[in-house]
file upload-v8.txt (compact mmCIF, N, CA and C atoms and all ligand atoms)
# COMPACT_ATOMS: atom_id res chain seq x y z
N MET A 207 -110.39 185.23 -19.59
CA MET A 207 -109.37 184.62 -20.44
C MET A 207 -109.89 183.28 -20.98
N THR A 208 -110.31 183.27 -22.24
CA THR A 208 -110.82 182.02 -22.81
C THR A 208 -109.65 181.14 -23.23
N GLN A 209 -109.71 179.91 -22.83
CA GLN A 209 -108.64 178.94 -23.13
C GLN A 209 -109.28 177.65 -23.63
N ARG A 210 -108.41 176.74 -24.09
CA ARG A 210 -108.89 175.37 -24.31
C ARG A 210 -107.92 174.40 -23.65
N THR A 211 -108.45 173.25 -23.29
CA THR A 211 -107.65 172.24 -22.61
C THR A 211 -108.01 170.86 -23.12
N LEU A 212 -107.07 169.93 -22.94
CA LEU A 212 -107.32 168.54 -23.35
C LEU A 212 -107.66 167.73 -22.11
N VAL A 213 -108.80 167.09 -22.15
CA VAL A 213 -109.26 166.26 -21.03
C VAL A 213 -109.38 164.82 -21.51
N LEU A 214 -108.88 163.89 -20.70
CA LEU A 214 -109.09 162.47 -20.96
C LEU A 214 -109.87 161.87 -19.81
N LEU A 215 -110.89 161.11 -20.13
CA LEU A 215 -111.53 160.26 -19.13
C LEU A 215 -110.86 158.89 -19.30
N LYS A 216 -110.12 158.49 -18.30
CA LYS A 216 -109.25 157.32 -18.40
C LYS A 216 -110.09 156.03 -18.42
N PRO A 217 -109.47 154.90 -18.80
CA PRO A 217 -110.24 153.65 -18.92
C PRO A 217 -111.00 153.24 -17.66
N ASP A 218 -110.51 153.63 -16.48
CA ASP A 218 -111.26 153.28 -15.26
C ASP A 218 -112.59 154.04 -15.20
N ALA A 219 -112.59 155.27 -15.67
CA ALA A 219 -113.84 156.07 -15.68
C ALA A 219 -114.87 155.44 -16.61
N VAL A 220 -114.39 154.95 -17.77
CA VAL A 220 -115.31 154.32 -18.72
C VAL A 220 -115.82 152.99 -18.15
N ARG A 221 -114.89 152.18 -17.62
CA ARG A 221 -115.28 150.86 -17.05
C ARG A 221 -116.30 151.02 -15.93
N ARG A 222 -116.14 152.09 -15.14
CA ARG A 222 -117.02 152.28 -13.98
C ARG A 222 -118.27 153.09 -14.32
N SER A 223 -118.48 153.33 -15.61
CA SER A 223 -119.68 154.06 -16.06
C SER A 223 -119.81 155.43 -15.41
N LEU A 224 -118.67 156.14 -15.33
CA LEU A 224 -118.67 157.48 -14.75
C LEU A 224 -118.56 158.58 -15.81
N VAL A 225 -118.64 158.19 -17.10
CA VAL A 225 -118.48 159.19 -18.16
C VAL A 225 -119.56 160.27 -18.05
N GLY A 226 -120.80 159.85 -17.93
CA GLY A 226 -121.90 160.83 -17.86
C GLY A 226 -121.75 161.76 -16.67
N GLU A 227 -121.39 161.20 -15.54
CA GLU A 227 -121.21 161.99 -14.32
C GLU A 227 -120.12 163.05 -14.49
N ILE A 228 -119.00 162.63 -15.07
CA ILE A 228 -117.88 163.56 -15.21
C ILE A 228 -118.17 164.61 -16.28
N VAL A 229 -118.73 164.17 -17.41
CA VAL A 229 -119.10 165.12 -18.47
C VAL A 229 -120.09 166.14 -17.93
N SER A 230 -121.02 165.66 -17.13
CA SER A 230 -122.04 166.54 -16.56
C SER A 230 -121.42 167.61 -15.65
N ARG A 231 -120.42 167.23 -14.86
CA ARG A 231 -119.76 168.21 -14.00
C ARG A 231 -119.07 169.29 -14.83
N ILE A 232 -118.46 168.86 -15.94
CA ILE A 232 -117.78 169.83 -16.81
C ILE A 232 -118.81 170.76 -17.45
N GLU A 233 -119.90 170.19 -17.93
CA GLU A 233 -120.91 171.01 -18.61
C GLU A 233 -121.60 172.00 -17.67
N ARG A 234 -121.64 171.66 -16.39
CA ARG A 234 -122.32 172.55 -15.44
C ARG A 234 -121.51 173.80 -15.10
N LYS A 235 -120.21 173.80 -15.42
CA LYS A 235 -119.42 175.01 -15.19
C LYS A 235 -119.87 176.06 -16.21
N ALA A 236 -120.34 177.19 -15.72
CA ALA A 236 -120.96 178.19 -16.59
C ALA A 236 -120.00 178.64 -17.69
N GLY A 237 -120.47 178.54 -18.92
CA GLY A 237 -119.70 179.06 -20.04
C GLY A 237 -118.67 178.09 -20.61
N TRP A 238 -118.38 177.00 -19.91
CA TRP A 238 -117.45 176.02 -20.48
C TRP A 238 -118.21 175.18 -21.51
N ARG A 239 -117.48 174.84 -22.60
CA ARG A 239 -118.10 174.06 -23.66
C ARG A 239 -117.19 172.92 -24.08
N ILE A 240 -117.78 171.76 -24.29
CA ILE A 240 -117.03 170.64 -24.86
C ILE A 240 -117.11 170.80 -26.38
N THR A 241 -115.95 171.01 -27.02
CA THR A 241 -115.96 171.30 -28.46
C THR A 241 -115.47 170.12 -29.30
N ALA A 242 -114.99 169.07 -28.64
CA ALA A 242 -114.66 167.83 -29.34
C ALA A 242 -114.76 166.71 -28.31
N LEU A 243 -115.22 165.55 -28.75
CA LEU A 243 -115.36 164.41 -27.83
C LEU A 243 -115.32 163.12 -28.62
N GLU A 244 -114.44 162.21 -28.21
CA GLU A 244 -114.35 160.94 -28.92
C GLU A 244 -113.94 159.83 -27.97
N MET A 245 -114.64 158.69 -28.07
CA MET A 245 -114.23 157.51 -27.30
C MET A 245 -113.36 156.64 -28.19
N ARG A 246 -112.19 156.26 -27.65
CA ARG A 246 -111.33 155.35 -28.40
C ARG A 246 -110.34 154.67 -27.45
N THR A 247 -109.88 153.49 -27.86
CA THR A 247 -108.82 152.82 -27.11
C THR A 247 -107.49 153.41 -27.57
N LEU A 248 -106.74 153.96 -26.64
CA LEU A 248 -105.53 154.70 -26.98
C LEU A 248 -104.39 153.74 -27.30
N ASP A 249 -103.68 154.01 -28.40
CA ASP A 249 -102.56 153.13 -28.75
C ASP A 249 -101.27 153.63 -28.11
N ARG A 250 -100.30 152.76 -28.13
CA ARG A 250 -99.04 153.02 -27.44
C ARG A 250 -98.34 154.28 -27.99
N ALA A 251 -98.35 154.43 -29.30
CA ALA A 251 -97.65 155.59 -29.90
C ALA A 251 -98.25 156.90 -29.39
N THR A 252 -99.55 156.94 -29.32
CA THR A 252 -100.24 158.15 -28.82
C THR A 252 -99.86 158.41 -27.35
N LEU A 253 -99.86 157.33 -26.56
CA LEU A 253 -99.56 157.48 -25.13
C LEU A 253 -98.10 157.83 -24.88
N GLU A 254 -97.21 157.32 -25.73
CA GLU A 254 -95.78 157.68 -25.59
C GLU A 254 -95.59 159.17 -25.81
N GLN A 255 -96.29 159.72 -26.79
CA GLN A 255 -96.21 161.18 -27.02
C GLN A 255 -96.80 161.93 -25.83
N HIS A 256 -97.97 161.48 -25.41
CA HIS A 256 -98.68 162.20 -24.36
C HIS A 256 -97.89 162.21 -23.05
N TYR A 257 -97.30 161.08 -22.70
CA TYR A 257 -96.61 160.96 -21.40
C TYR A 257 -95.09 161.01 -21.55
N ALA A 258 -94.59 161.66 -22.61
CA ALA A 258 -93.14 161.72 -22.88
C ALA A 258 -92.34 162.20 -21.66
N GLU A 259 -92.91 163.13 -20.90
CA GLU A 259 -92.16 163.69 -19.76
C GLU A 259 -91.93 162.66 -18.65
N HIS A 260 -92.65 161.55 -18.69
CA HIS A 260 -92.54 160.57 -17.61
C HIS A 260 -91.70 159.34 -17.98
N VAL A 261 -91.12 159.33 -19.18
CA VAL A 261 -90.30 158.17 -19.59
C VAL A 261 -89.24 157.91 -18.53
N GLY A 262 -89.10 156.62 -18.17
CA GLY A 262 -88.06 156.26 -17.20
C GLY A 262 -88.54 156.24 -15.76
N ARG A 263 -89.68 156.87 -15.49
CA ARG A 263 -90.20 156.82 -14.11
C ARG A 263 -90.74 155.41 -13.82
N PRO A 264 -90.70 154.98 -12.57
CA PRO A 264 -91.16 153.62 -12.25
C PRO A 264 -92.62 153.38 -12.64
N PHE A 265 -93.42 154.43 -12.62
CA PHE A 265 -94.84 154.22 -12.93
C PHE A 265 -95.16 154.30 -14.42
N TYR A 266 -94.13 154.57 -15.25
CA TYR A 266 -94.39 154.84 -16.67
C TYR A 266 -95.01 153.64 -17.40
N GLU A 267 -94.36 152.47 -17.31
CA GLU A 267 -94.86 151.30 -18.06
C GLU A 267 -96.25 150.87 -17.56
N PRO A 268 -96.44 150.72 -16.23
CA PRO A 268 -97.79 150.38 -15.76
C PRO A 268 -98.84 151.41 -16.16
N LEU A 269 -98.42 152.68 -16.24
CA LEU A 269 -99.35 153.73 -16.65
C LEU A 269 -99.79 153.52 -18.10
N LEU A 270 -98.82 153.23 -18.98
CA LEU A 270 -99.18 153.02 -20.39
C LEU A 270 -100.05 151.77 -20.56
N GLU A 271 -99.73 150.72 -19.78
CA GLU A 271 -100.56 149.50 -19.81
C GLU A 271 -102.00 149.84 -19.43
N PHE A 272 -102.13 150.54 -18.33
CA PHE A 272 -103.47 150.90 -17.85
C PHE A 272 -104.20 151.80 -18.86
N MET A 273 -103.50 152.79 -19.38
CA MET A 273 -104.16 153.76 -20.26
C MET A 273 -104.60 153.16 -21.60
N SER A 274 -103.99 151.99 -21.95
CA SER A 274 -104.38 151.33 -23.20
C SER A 274 -105.25 150.10 -22.93
N SER A 275 -105.71 149.94 -21.68
CA SER A 275 -106.41 148.72 -21.28
C SER A 275 -107.88 148.66 -21.69
N GLY A 276 -108.39 149.74 -22.25
CA GLY A 276 -109.79 149.78 -22.66
C GLY A 276 -110.10 151.16 -23.19
N PRO A 277 -111.31 151.38 -23.63
CA PRO A 277 -111.65 152.67 -24.21
C PRO A 277 -111.49 153.82 -23.21
N ALA A 278 -111.06 154.95 -23.73
CA ALA A 278 -110.99 156.20 -22.97
C ALA A 278 -111.81 157.23 -23.76
N VAL A 279 -112.06 158.37 -23.14
CA VAL A 279 -112.78 159.44 -23.83
C VAL A 279 -111.86 160.66 -23.86
N ALA A 280 -111.59 161.16 -25.06
CA ALA A 280 -110.78 162.37 -25.23
C ALA A 280 -111.70 163.54 -25.55
N MET A 281 -111.41 164.69 -24.94
CA MET A 281 -112.26 165.87 -25.14
C MET A 281 -111.41 167.12 -25.24
N ILE A 282 -111.90 168.09 -25.98
CA ILE A 282 -111.40 169.46 -25.87
C ILE A 282 -112.47 170.24 -25.13
N VAL A 283 -112.05 170.94 -24.08
CA VAL A 283 -112.99 171.78 -23.33
C VAL A 283 -112.50 173.23 -23.44
N GLU A 284 -113.41 174.12 -23.75
CA GLU A 284 -113.06 175.52 -23.93
C GLU A 284 -113.83 176.38 -22.94
N GLY A 285 -113.21 177.46 -22.50
CA GLY A 285 -113.93 178.39 -21.62
C GLY A 285 -112.99 179.22 -20.77
N GLU A 286 -113.61 180.00 -19.91
CA GLU A 286 -112.90 180.92 -19.03
C GLU A 286 -111.98 180.15 -18.06
N ARG A 287 -110.69 180.44 -18.12
CA ARG A 287 -109.68 179.86 -17.22
C ARG A 287 -109.85 178.34 -17.07
N VAL A 288 -110.13 177.70 -18.21
CA VAL A 288 -110.49 176.28 -18.15
C VAL A 288 -109.30 175.38 -17.80
N ILE A 289 -108.08 175.85 -18.05
CA ILE A 289 -106.92 175.00 -17.74
C ILE A 289 -106.79 174.86 -16.22
N GLU A 290 -106.75 175.98 -15.54
CA GLU A 290 -106.69 175.96 -14.07
C GLU A 290 -107.96 175.31 -13.49
N GLY A 291 -109.09 175.65 -14.07
CA GLY A 291 -110.37 175.15 -13.55
C GLY A 291 -110.53 173.65 -13.69
N MET A 292 -110.10 173.10 -14.83
CA MET A 292 -110.20 171.64 -15.00
C MET A 292 -109.25 170.91 -14.06
N ARG A 293 -108.07 171.50 -13.80
CA ARG A 293 -107.14 170.88 -12.84
C ARG A 293 -107.78 170.86 -11.45
N ALA A 294 -108.46 171.96 -11.10
CA ALA A 294 -109.12 172.01 -9.80
C ALA A 294 -110.27 171.01 -9.72
N LEU A 295 -111.03 170.91 -10.80
CA LEU A 295 -112.16 169.97 -10.84
C LEU A 295 -111.66 168.52 -10.78
N ALA A 296 -110.51 168.25 -11.41
CA ALA A 296 -109.93 166.90 -11.37
C ALA A 296 -109.44 166.58 -9.97
N GLY A 297 -108.79 167.52 -9.32
CA GLY A 297 -108.22 167.27 -7.99
C GLY A 297 -106.78 166.79 -8.07
N ALA A 298 -106.15 166.64 -6.91
CA ALA A 298 -104.74 166.25 -6.85
C ALA A 298 -104.54 164.88 -7.48
N THR A 299 -103.31 164.63 -7.96
CA THR A 299 -102.98 163.37 -8.65
C THR A 299 -103.35 162.15 -7.80
N ASP A 300 -103.03 162.21 -6.51
CA ASP A 300 -103.35 161.10 -5.60
C ASP A 300 -104.79 161.27 -5.11
N PRO A 301 -105.68 160.37 -5.51
CA PRO A 301 -107.11 160.56 -5.19
C PRO A 301 -107.41 160.59 -3.69
N ILE A 302 -106.55 159.95 -2.90
CA ILE A 302 -106.79 159.97 -1.45
C ILE A 302 -106.50 161.36 -0.89
N ALA A 303 -105.52 162.05 -1.50
CA ALA A 303 -105.18 163.41 -1.06
C ALA A 303 -106.06 164.46 -1.75
N ALA A 304 -106.72 164.07 -2.84
CA ALA A 304 -107.53 165.04 -3.60
C ALA A 304 -108.73 165.51 -2.76
N ALA A 305 -109.06 166.78 -2.90
CA ALA A 305 -110.15 167.35 -2.10
C ALA A 305 -111.48 166.66 -2.40
N PRO A 306 -112.25 166.35 -1.36
CA PRO A 306 -113.63 165.90 -1.60
C PRO A 306 -114.36 166.97 -2.43
N GLY A 307 -115.18 166.52 -3.35
CA GLY A 307 -115.83 167.47 -4.27
C GLY A 307 -115.16 167.48 -5.62
N SER A 308 -113.86 167.15 -5.65
CA SER A 308 -113.18 167.01 -6.95
C SER A 308 -113.49 165.62 -7.51
N ILE A 309 -113.25 165.45 -8.80
CA ILE A 309 -113.57 164.15 -9.43
C ILE A 309 -112.72 163.04 -8.81
N ARG A 310 -111.42 163.27 -8.72
CA ARG A 310 -110.55 162.25 -8.12
C ARG A 310 -110.87 162.06 -6.63
N GLY A 311 -111.13 163.15 -5.94
CA GLY A 311 -111.43 163.08 -4.52
C GLY A 311 -112.72 162.34 -4.24
N ASP A 312 -113.67 162.43 -5.13
CA ASP A 312 -114.97 161.78 -4.90
C ASP A 312 -114.99 160.32 -5.34
N TYR A 313 -114.21 159.97 -6.39
CA TYR A 313 -114.38 158.64 -6.97
C TYR A 313 -113.13 157.77 -6.97
N GLY A 314 -111.96 158.34 -6.68
CA GLY A 314 -110.72 157.60 -6.86
C GLY A 314 -110.11 157.09 -5.56
N VAL A 315 -109.26 156.08 -5.70
CA VAL A 315 -108.49 155.56 -4.57
C VAL A 315 -107.02 155.37 -4.99
N ILE A 316 -106.82 154.80 -6.19
CA ILE A 316 -105.49 154.41 -6.66
C ILE A 316 -104.87 155.56 -7.46
N VAL A 317 -103.58 155.83 -7.22
CA VAL A 317 -102.92 156.97 -7.90
C VAL A 317 -102.97 156.81 -9.41
N ARG A 318 -102.63 155.62 -9.89
CA ARG A 318 -102.61 155.43 -11.35
C ARG A 318 -104.01 155.55 -11.94
N GLU A 319 -104.98 154.94 -11.29
CA GLU A 319 -106.34 154.90 -11.84
C GLU A 319 -107.14 156.06 -11.26
N ASN A 320 -106.73 157.26 -11.68
CA ASN A 320 -107.31 158.47 -11.08
C ASN A 320 -108.30 159.18 -12.02
N LEU A 321 -108.89 158.38 -12.91
CA LEU A 321 -110.11 158.77 -13.63
C LEU A 321 -109.98 159.79 -14.75
N VAL A 322 -109.13 160.80 -14.55
CA VAL A 322 -109.19 161.92 -15.47
C VAL A 322 -107.81 162.53 -15.67
N HIS A 323 -107.56 163.02 -16.87
CA HIS A 323 -106.38 163.83 -17.17
C HIS A 323 -106.85 165.21 -17.61
N ALA A 324 -106.12 166.24 -17.19
CA ALA A 324 -106.38 167.59 -17.70
C ALA A 324 -105.05 168.30 -17.87
N SER A 325 -104.87 168.97 -19.00
CA SER A 325 -103.59 169.65 -19.30
C SER A 325 -103.21 170.59 -18.18
N ASP A 326 -101.88 170.70 -17.93
CA ASP A 326 -101.43 171.50 -16.79
C ASP A 326 -100.96 172.91 -17.13
N SER A 327 -100.95 173.28 -18.41
CA SER A 327 -100.52 174.63 -18.81
C SER A 327 -101.01 174.89 -20.23
N GLU A 328 -100.90 176.15 -20.68
CA GLU A 328 -101.30 176.46 -22.06
C GLU A 328 -100.43 175.70 -23.06
N GLU A 329 -99.14 175.60 -22.75
CA GLU A 329 -98.22 174.88 -23.65
C GLU A 329 -98.61 173.41 -23.73
N SER A 330 -98.87 172.79 -22.57
CA SER A 330 -99.28 171.38 -22.57
C SER A 330 -100.60 171.21 -23.31
N ALA A 331 -101.52 172.12 -23.11
CA ALA A 331 -102.84 172.00 -23.75
C ALA A 331 -102.69 172.01 -25.27
N GLU A 332 -101.89 172.92 -25.80
CA GLU A 332 -101.73 172.98 -27.27
C GLU A 332 -101.03 171.73 -27.78
N ARG A 333 -100.01 171.27 -27.04
CA ARG A 333 -99.29 170.06 -27.43
C ARG A 333 -100.22 168.85 -27.42
N GLU A 334 -101.05 168.74 -26.39
CA GLU A 334 -101.91 167.57 -26.22
C GLU A 334 -103.11 167.60 -27.17
N VAL A 335 -103.65 168.78 -27.45
CA VAL A 335 -104.74 168.87 -28.44
C VAL A 335 -104.24 168.35 -29.79
N LYS A 336 -103.00 168.70 -30.14
CA LYS A 336 -102.42 168.23 -31.42
C LYS A 336 -102.29 166.72 -31.45
N ILE A 337 -101.97 166.11 -30.30
CA ILE A 337 -101.79 164.65 -30.25
C ILE A 337 -103.14 163.95 -30.43
N PHE A 338 -104.17 164.42 -29.75
CA PHE A 338 -105.44 163.70 -29.74
C PHE A 338 -106.42 164.16 -30.81
N PHE A 339 -106.29 165.41 -31.22
CA PHE A 339 -107.20 165.95 -32.26
C PHE A 339 -106.37 166.75 -33.26
N PRO A 340 -105.56 166.04 -34.08
CA PRO A 340 -104.67 166.75 -35.00
C PRO A 340 -105.41 167.70 -35.93
N GLY A 341 -106.65 167.38 -36.23
CA GLY A 341 -107.44 168.25 -37.10
C GLY A 341 -107.84 169.57 -36.44
N ARG A 342 -107.69 169.66 -35.13
CA ARG A 342 -108.12 170.85 -34.39
C ARG A 342 -106.94 171.71 -33.92
N ALA A 343 -105.76 171.42 -34.43
CA ALA A 343 -104.55 172.09 -33.94
C ALA A 343 -104.53 173.58 -34.24
P1 LIG B 401 -101.44 164.60 -13.29
O1 LIG B 401 -102.22 163.61 -14.13
O2 LIG B 401 -102.14 164.93 -12.01
O3 LIG B 401 -100.99 165.81 -14.06
P2 LIG B 401 -98.71 163.51 -13.50
O4 LIG B 401 -97.64 163.71 -12.46
O5 LIG B 401 -98.54 164.22 -14.80
O6 LIG B 401 -100.11 163.83 -12.80
O7 LIG B 401 -98.78 161.95 -13.74
C1 LIG B 401 -99.48 161.44 -14.86
C2 LIG B 401 -100.29 160.25 -14.42
O8 LIG B 401 -99.40 159.20 -14.04
C3 LIG B 401 -101.15 160.46 -13.18
O9 LIG B 401 -102.40 161.07 -13.48
C4 LIG B 401 -101.32 159.04 -12.68
O10 LIG B 401 -102.30 158.34 -13.46
C5 LIG B 401 -99.96 158.46 -12.97
N1 LIG B 401 -99.03 158.56 -11.83
C6 LIG B 401 -98.37 159.67 -11.41
N2 LIG B 401 -97.61 159.42 -10.34
C7 LIG B 401 -97.78 158.10 -10.06
C8 LIG B 401 -97.27 157.23 -9.06
O11 LIG B 401 -96.48 157.60 -8.18
N3 LIG B 401 -97.70 155.93 -9.11
C9 LIG B 401 -98.56 155.48 -10.05
N4 LIG B 401 -99.06 156.28 -11.02
C10 LIG B 401 -98.69 157.57 -11.02
call {"tool": "encode", "arguments": {"input": "upload-v8.txt", "output": "structure tokens"}}
result
Amino acid sequence: MTQRTLVLLKPDAVRRSLVGEIVSRIERKAGWRITALEMRTLDRATLEQHYAEHVGRPFYEPLLEFMSSGPAVAMIVEGERVIEGMRALAGATDPIAAAPGSIRGDYGVIVRENLVHASDSEESAEREVKIFFPGRA
């Protein structure tokens, strides 16, 4: 089942020079391909769309602050079961609980600064691709 998903390398990943490491892990998955990639500092309007489901949660404002605090890398990744696979590669939201071997499990400590975002369903992936790469919708 070939799918596509939206992946973000969050500002902590860029600040900590982990972009190459994370991109390399994605590229090593057989048959997965990065079909779009752009580094940019995310603006508030983009982040409000992306995190609409979290409006009102206590972590919402600090999350938007963090996500706009420096450059991030947005990617479209395509391949076999890539939505489920990228979620597994990212690991659980809380990096301390995330499995060792996952990106969050290997490099993260703080829940908010958990290095990577990956769409959680086909519906989310299509919605998020439109937000970050409107030309690829
Ligand atoms: P996900 O990124 O694993 O899908 P979501 O529940 O969609 O997790 O949360 C979006 C992002 O919001 C998380 O990746 C994390 O950066 C942040 N976040 C989620 N829950 C908390 C929390 O309890 N405290 C601080 N930040 C949180």
call {"tool": "atom_distance", "arguments": {"input": "upload-v8.txt", "atom1": "atom C of Lys336 in chain A", "atom2": "atom N of His256 in chain A"}}
result
9.1 Å
call {"tool": "select_by_dssp", "arguments": {"input": "upload-v8.txt", "residues": "chain A", "states": "strand (DSSP E)", "output": "list in words"}}
result
Thr208, Gln209, Arg210, Thr211, Leu212, Val213, Leu214, Leu215, Arg239, Ile240, Thr241, Ala242, Leu243, Glu244, Met245, Arg246, Ala278, Val279, Ala280, Met281, Ile282, Val283, Glu284, Gly285, Glu286, Val322, His323 and Ala324 of chain A
call {"tool": "residues_near_ligand", "arguments": {"input": "upload-v8.txt", "ligand": "ligand LIG 401 (chain B)", "cutoff": "6.5 Å", "atoms": "only N, CA and C atoms and all ligand atoms", "output": "list in words"}}
result
Phe265, Leu269, Gly297, Ala298, Thr299, Asp300, Val317, Arg318, Glu319, Asn320, Val322, His323, Ala324 and Asp326 of chain A
call {"tool": "residues_around", "arguments": {"input": "upload-v8.txt", "residues": "range 329-332 of chain A", "least_positions_apart": "5", "cutoff": "8 Å", "atoms": "only N, CA and C atoms", "output": "list in words"}}
result
Arg210, Thr211, Leu212, Val213, Ile289, Ala324, Ile337 and Ala343 of chain A
call {"tool": "select_by_dssp", "arguments": {"input": "upload-v8.txt", "residues": "chain A", "states": "alpha helix (DSSP H)", "output": "MDAnalysis selection string"}}
result
chainID A and resid 217:221 225:234 250:256 266:273 288:296 309:313 328:338
call {"tool": "axis_aligned_box", "arguments": {"input": "upload-v8.txt", "around": "range 313-319 of chain A", "padding_each_side": "6 Å", "output": "AutoDock Vina command-line options"}}
result
--center_x -108.5 --center_y 157.2 --center_z -8.3 --size_x 23.8 --size_y 17.6 --size_z 19.4
call {"tool": "residues_around", "arguments": {"input": "upload-v8.txt", "residues": "range 225-237 of chain A", "least_positions_apart": "6", "cutoff": "6.5 Å", "atoms": "only N, CA and C atoms", "output": "PyMOL selection string"}}
result
chain A and resi 219+284-286
call {"tool": "closest_residue", "arguments": {"input": "upload-v8.txt", "among": "A:Gln209, A:Gly314, A:Val220, A:Glu328", "to": "Ser275 in chain A", "atoms": "only C-alpha atoms"}}
result
A:Val220
call {"tool": "closest_residue", "arguments": {"input": "upload-v8.txt", "among": "A:Pro268, A:Gly341, A:Gly276, A:Ala294", "to": "Gly307 in chain A", "atoms": "all atoms listed in the file"}}
result
A:Ala294
call {"tool": "atom_distance", "arguments": {"input": "upload-v8.txt", "atom1": "atom C of Arg293 in chain A", "atom2": "CA of Tyr257 in chain A"}}
result
17.9 Å
call {"tool": "closest_residue", "arguments": {"input": "upload-v8.txt", "among": "A:Ala280, A:Val261, A:Leu270, A:Val315", "to": "Asp249 in chain A", "atoms": "only C-alpha atoms"}}
result
A:Leu270
call {"tool": "atom_distance", "arguments": {"input": "upload-v8.txt", "atom1": "atom C of Thr208 in chain A", "atom2": "atom N of Arg287 in chain A"}}
result
5.3 Å
call {"tool": "closest_residue", "arguments": {"input": "upload-v8.txt", "among": "A:Gly291, A:Ser325, A:Ser274, A:Ala303", "to": "Leu248 in chain A", "atoms": "all atoms listed in the file"}}
result
A:Ser274
call {"tool": "closest_residue", "arguments": {"input": "upload-v8.txt", "among": "A:Val283, A:Met207, A:Leu215, A:Leu253", "to": "Arg239 in chain A", "atoms": "only C-alpha atoms"}}
result
A:Val283
call {"tool": "closest_residue", "arguments": {"input": "upload-v8.txt", "among": "A:Lys216, A:Arg342, A:Leu243, A:Leu224", "to": "Asp312 in chain A", "atoms": "only C-alpha atoms"}}
result
A:Leu224
